Amino acid sequence: MQTLAEIRRLLDERGLSPKRSLGQNFLIDHNLIRRLVEASGVGPGSLVLEVGPGTGTMTEELLDRGASVVACELDDGLASLLEDRLGARAGFTLVRGDCLESKREVSRAVMGALGGRAFVLVSNLPYGAGTPLMLALMTRHPECSGMWVTVQREVADRLLASPGSDEYGSISVVASAVCTVRRVASLPPECFWPRPEVASAMVELVRRPVPLTRDPSGLADLCRTLFASRRKQIGAVLRGLGMVDRLPPGVDPTERAENLPPGVIVSMMSP
């Protein structure tokens, strides 16, 4: 695996440097990189989407295990570096550009490279892309069977949050309804270069064989509406939406969305 000195050299040779505006913080702890890849279980025959591959440290680990990798890199300088270093390797496909078509849609170029096949996301995600990308994959792409990602700790806390906590919100409900979620590891800033100002975490999301809803996208839309007024009484929110008949039996109309379990929120959706 690439050492910090090697990463610096690769960047210096091309006149590149990490861009804070793109959330570029390279994971430099080899043990943690292996831990994330091993947790994903990828091997020969696996198809992996990697977003924000940087200089390709994790990409090489995935390829060495026999996986095929679709790597999406927004930074043109890093994309050229990856093409030079890994372009000739079997199973490697580079997509230049943003991983998102919009805040709710994965890039058409990325999905085209994946070709409708089952895949997993294994990435040290750029901080700005994490939440919208995971939501898009959970709600619109059942062919994504799981995600093993490094994200800001606050994002991990939201993914794992329970009703009634400050972190509980839309992504907590959707993640719980669609996936089983666990924290793989907590990462202090010194695991990265340059060091971010916040702590990070590795998280595993495995798609449920039978999700709590057949319409994850509709659930996400409902959650956005409910949690936009998270402290308003749920009865009042539903009345304002013309959905008062959707209040589940036994739920107090004075309760707030932030206290409702995912299963209760799912039950508010159209039959």
# chains A, B, ... in the order shown; residues from 1 in each chain; ligands from 1
>>> residues_around(residues="Phe26 in chain A", least_positions_apart="2", cutoff="10 Å", atoms="only C-alpha atoms", output="list of chain:residue names")
A:Leu4, A:Ile7, A:Pro18, A:Gly23, A:Gln24, A:Ile28, A:Asp29, A:Gly52, A:Pro53, A:Gly54, A:Thr55, A:Gly56, A:Thr57, A:Asn124, A:Leu125, A:Pro126, A:Cys191, A:Phe192, A:Trp193, A:Pro194, A:Arg195, A:Pro196
>>> residues_around(residues="Ser217 in chain A", least_positions_apart="4", cutoff="12 Å", atoms="only C-alpha atoms", output="list in words")
Arg104, Glu105, Leu135, Ala136, Leu137, Met138, Thr139, Arg140, His141, Pro142, Ser170, Ile171, Val173, Val174, Ala175, Ala177, Val178, Thr213, Asp221, Leu222, Cys223, Arg224, Val266 and Met269 of chain A
>>> write_last_selection(atoms="C-alpha atoms", output="short mmCIF file (atom, residue, chain, number, x, y, z; two decimals), in the first residue's frame")
data_model
loop_
_atom_site.label_atom_id
_atom_site.label_comp_id
_atom_site.auth_asym_id
_atom_site.auth_seq_id
_atom_site.Cartn_x
_atom_site.Cartn_y
_atom_site.Cartn_z
CA ARG A 104 -30.98 12.63 -5.37
CA GLU A 105 -29.61 10.91 -8.48
CA LEU A 135 -29.47 8.03 0.22
CA ALA A 136 -29.59 7.79 -3.58
CA LEU A 137 -28.19 4.25 -3.53
CA MET A 138 -30.52 3.13 -0.73
CA THR A 139 -33.66 4.57 -2.27
CA ARG A 140 -33.16 4.16 -6.02
CA HIS A 141 -30.70 1.34 -6.63
CA PRO A 142 -31.59 -2.05 -5.14
CA SER A 170 -34.58 11.21 7.69
CA ILE A 171 -31.45 9.23 6.91
CA VAL A 173 -35.29 6.14 9.20
CA VAL A 174 -34.42 5.28 5.61
CA ALA A 175 -31.23 3.44 6.57
CA ALA A 177 -35.91 0.56 6.84
CA VAL A 178 -33.68 -0.49 3.96
CA THR A 213 -41.00 -0.67 2.54
CA ASP A 221 -39.74 12.05 0.57
CA LEU A 222 -42.12 11.54 3.50
CA CYS A 223 -39.26 11.74 5.99
CA ARG A 224 -37.99 15.00 4.51
CA VAL A 266 -43.32 3.50 7.20
CA MET A 269 -47.14 5.72 3.61
#
>>> residues_around(residues="Glu50 in chain A", least_positions_apart="6", cutoff="9 Å", atoms="only C-alpha atoms", output="list in words")
Met58, Thr59, Val69, Val70, Ala71, Cys72, Glu73, Val120, Leu121, Val122, Ser123, Asn124 and Leu125 of chain A
>>> residues_around(residues="Leu86 in chain A", least_positions_apart="4", cutoff="10 Å", atoms="only C-alpha atoms", output="ChimeraX atom specification")
/A:55-56,59-60,63,80-82,90-94
>>> write_last_selection(atoms="C-alpha atoms", output="mmCIF file, in the first residue's frame")
data_model
loop_
_atom_site.group_PDB
_atom_site.id
_atom_site.type_symbol
_atom_site.label_atom_id
_atom_site.label_comp_id
_atom_site.auth_asym_id
_atom_site.auth_seq_id
_atom_site.Cartn_x
_atom_site.Cartn_y
_atom_site.Cartn_z
ATOM 1 C CA THR A 55 -4.318 8.213 -5.471
ATOM 2 C CA GLY A 56 -5.714 4.679 -5.561
ATOM 3 C CA THR A 59 -8.417 0.784 -5.262
ATOM 4 C CA GLU A 60 -5.271 -1.333 -5.474
ATOM 5 C CA LEU A 63 -8.135 -5.049 -7.334
ATOM 6 C CA SER A 80 -5.317 11.400 -14.740
ATOM 7 C CA LEU A 81 -3.022 10.030 -12.033
ATOM 8 C CA LEU A 82 -5.316 7.020 -11.587
ATOM 9 C CA ALA A 90 -7.814 -5.809 -15.536
ATOM 10 C CA GLY A 91 -11.113 -4.973 -13.870
ATOM 11 C CA PHE A 92 -10.434 -1.255 -13.457
ATOM 12 C CA THR A 93 -12.842 1.318 -14.910
ATOM 13 C CA LEU A 94 -12.443 5.048 -14.334
#
>>> closest_residue(among="A:Gly66, A:Gly240, A:Pro209, A:Pro261", to="Gly146 in chain A", atoms="only C-alpha atoms")
A:Pro209
>>> atom_distance(atom1="CA of Val181 in chain A", atom2="CA of Gly164 in chain A")
18.1 Å
>>> decode(residues="range 85-135 of chain A", atoms="N, CA and C atoms", output="compact mmCIF listing (two decimals), in the first residue's frame")
# COMPACT_ATOMS: atom_id res chain seq x y z
N ARG A 85 -1.69 5.17 -13.51
CA ARG A 85 -1.20 4.12 -12.62
C ARG A 85 -1.98 2.81 -12.77
N LEU A 86 -3.30 2.91 -12.98
CA LEU A 86 -4.14 1.71 -12.91
C LEU A 86 -4.90 1.41 -14.19
N GLY A 87 -4.79 2.29 -15.18
CA GLY A 87 -5.60 2.14 -16.38
C GLY A 87 -5.42 0.83 -17.11
N ALA A 88 -4.24 0.22 -16.99
CA ALA A 88 -3.97 -1.03 -17.69
C ALA A 88 -4.37 -2.27 -16.89
N ARG A 89 -4.80 -2.08 -15.65
CA ARG A 89 -5.13 -3.25 -14.82
C ARG A 89 -6.49 -3.81 -15.18
N ALA A 90 -6.55 -5.13 -15.24
CA ALA A 90 -7.81 -5.81 -15.54
C ALA A 90 -8.82 -5.49 -14.44
N GLY A 91 -10.05 -5.21 -14.84
CA GLY A 91 -11.11 -4.97 -13.87
C GLY A 91 -11.24 -3.54 -13.41
N PHE A 92 -10.38 -2.65 -13.90
CA PHE A 92 -10.43 -1.26 -13.46
C PHE A 92 -11.13 -0.39 -14.50
N THR A 93 -12.14 0.37 -14.05
CA THR A 93 -12.84 1.32 -14.91
C THR A 93 -12.87 2.67 -14.21
N LEU A 94 -12.46 3.70 -14.90
CA LEU A 94 -12.44 5.05 -14.33
C LEU A 94 -13.58 5.88 -14.91
N VAL A 95 -14.33 6.53 -14.03
CA VAL A 95 -15.35 7.49 -14.44
C VAL A 95 -14.91 8.85 -13.93
N ARG A 96 -14.73 9.78 -14.85
CA ARG A 96 -14.33 11.14 -14.48
C ARG A 96 -15.59 11.98 -14.24
N GLY A 97 -15.61 12.70 -13.14
CA GLY A 97 -16.73 13.59 -12.88
C GLY A 97 -17.38 13.33 -11.55
N ASP A 98 -18.48 14.01 -11.32
CA ASP A 98 -19.23 13.92 -10.06
C ASP A 98 -19.97 12.59 -10.00
N CYS A 99 -20.02 12.02 -8.81
CA CYS A 99 -20.76 10.76 -8.64
C CYS A 99 -22.26 10.98 -8.64
N LEU A 100 -22.69 12.24 -8.54
CA LEU A 100 -24.11 12.56 -8.46
C LEU A 100 -24.55 13.38 -9.67
N GLU A 101 -25.67 12.99 -10.24
CA GLU A 101 -26.29 13.76 -11.32
C GLU A 101 -27.02 14.97 -10.73
N SER A 102 -27.62 14.75 -9.55
CA SER A 102 -28.29 15.78 -8.78
C SER A 102 -28.21 15.34 -7.33
N LYS A 103 -28.85 16.08 -6.44
CA LYS A 103 -28.77 15.72 -5.02
C LYS A 103 -29.41 14.37 -4.73
N ARG A 104 -30.27 13.89 -5.64
CA ARG A 104 -30.98 12.63 -5.37
C ARG A 104 -30.71 11.56 -6.41
N GLU A 105 -29.84 11.84 -7.38
CA GLU A 105 -29.61 10.91 -8.48
C GLU A 105 -28.13 10.61 -8.63
N VAL A 106 -27.80 9.32 -8.73
CA VAL A 106 -26.43 8.92 -9.02
C VAL A 106 -26.13 9.24 -10.48
N SER A 107 -24.90 9.60 -10.74
CA SER A 107 -24.47 9.95 -12.09
C SER A 107 -24.82 8.87 -13.11
N ARG A 108 -25.33 9.31 -14.26
CA ARG A 108 -25.65 8.36 -15.33
C ARG A 108 -24.38 7.66 -15.82
N ALA A 109 -23.26 8.38 -15.83
CA ALA A 109 -22.01 7.76 -16.27
C ALA A 109 -21.59 6.64 -15.32
N VAL A 110 -21.76 6.86 -14.03
CA VAL A 110 -21.42 5.83 -13.05
C VAL A 110 -22.33 4.61 -13.22
N MET A 111 -23.64 4.85 -13.31
CA MET A 111 -24.56 3.73 -13.43
C MET A 111 -24.35 3.00 -14.76
N GLY A 112 -23.97 3.75 -15.80
CA GLY A 112 -23.68 3.11 -17.08
C GLY A 112 -22.47 2.19 -16.99
N ALA A 113 -21.45 2.63 -16.26
CA ALA A 113 -20.25 1.80 -16.09
C ALA A 113 -20.55 0.54 -15.28
N LEU A 114 -21.49 0.64 -14.35
CA LEU A 114 -21.87 -0.53 -13.54
C LEU A 114 -22.76 -1.48 -14.34
N GLY A 115 -23.42 -0.97 -15.35
CA GLY A 115 -24.14 -1.81 -16.29
C GLY A 115 -25.31 -2.60 -15.73
N GLY A 116 -25.95 -2.09 -14.67
CA GLY A 116 -27.10 -2.78 -14.13
C GLY A 116 -26.77 -4.01 -13.31
N ARG A 117 -25.48 -4.25 -13.08
CA ARG A 117 -25.07 -5.43 -12.32
C ARG A 117 -25.12 -5.16 -10.81
N ALA A 118 -25.21 -6.22 -10.03
CA ALA A 118 -25.16 -6.08 -8.58
C ALA A 118 -23.77 -5.58 -8.18
N PHE A 119 -23.74 -4.66 -7.22
CA PHE A 119 -22.46 -4.10 -6.80
C PHE A 119 -22.52 -3.68 -5.35
N VAL A 120 -21.35 -3.36 -4.80
CA VAL A 120 -21.26 -2.80 -3.46
C VAL A 120 -20.46 -1.50 -3.54
N LEU A 121 -20.70 -0.62 -2.59
CA LEU A 121 -19.94 0.62 -2.47
C LEU A 121 -18.89 0.43 -1.38
N VAL A 122 -17.63 0.60 -1.73
CA VAL A 122 -16.54 0.56 -0.75
C VAL A 122 -15.71 1.81 -0.97
N SER A 123 -15.74 2.73 -0.03
CA SER A 123 -15.13 4.04 -0.29
C SER A 123 -14.76 4.76 1.00
N ASN A 124 -13.67 5.52 0.89
CA ASN A 124 -13.41 6.59 1.84
C ASN A 124 -14.07 7.82 1.23
N LEU A 125 -15.32 8.06 1.59
CA LEU A 125 -16.14 9.03 0.87
C LEU A 125 -15.69 10.47 1.11
N PRO A 126 -15.60 11.27 0.05
CA PRO A 126 -15.40 12.71 0.25
C PRO A 126 -16.53 13.25 1.12
N TYR A 127 -16.19 14.11 2.06
CA TYR A 127 -17.17 14.50 3.08
C TYR A 127 -18.45 15.08 2.50
N GLY A 128 -18.35 15.84 1.42
CA GLY A 128 -19.56 16.47 0.89
C GLY A 128 -20.49 15.53 0.17
N ALA A 129 -19.98 14.37 -0.27
CA ALA A 129 -20.78 13.48 -1.11
C ALA A 129 -21.47 12.37 -0.34
N GLY A 130 -21.07 12.13 0.89
CA GLY A 130 -21.50 10.93 1.59
C GLY A 130 -23.00 10.75 1.74
N THR A 131 -23.66 11.71 2.38
CA THR A 131 -25.08 11.54 2.67
C THR A 131 -25.94 11.46 1.42
N PRO A 132 -25.83 12.39 0.46
CA PRO A 132 -26.68 12.26 -0.73
C PRO A 132 -26.41 11.00 -1.54
N LEU A 133 -25.16 10.57 -1.63
CA LEU A 133 -24.86 9.35 -2.38
C LEU A 133 -25.47 8.13 -1.71
N MET A 134 -25.30 8.01 -0.41
CA MET A 134 -25.86 6.85 0.28
C MET A 134 -27.38 6.82 0.19
N LEU A 135 -28.01 7.98 0.34
CA LEU A 135 -29.47 8.03 0.22
C LEU A 135 -29.92 7.64 -1.18
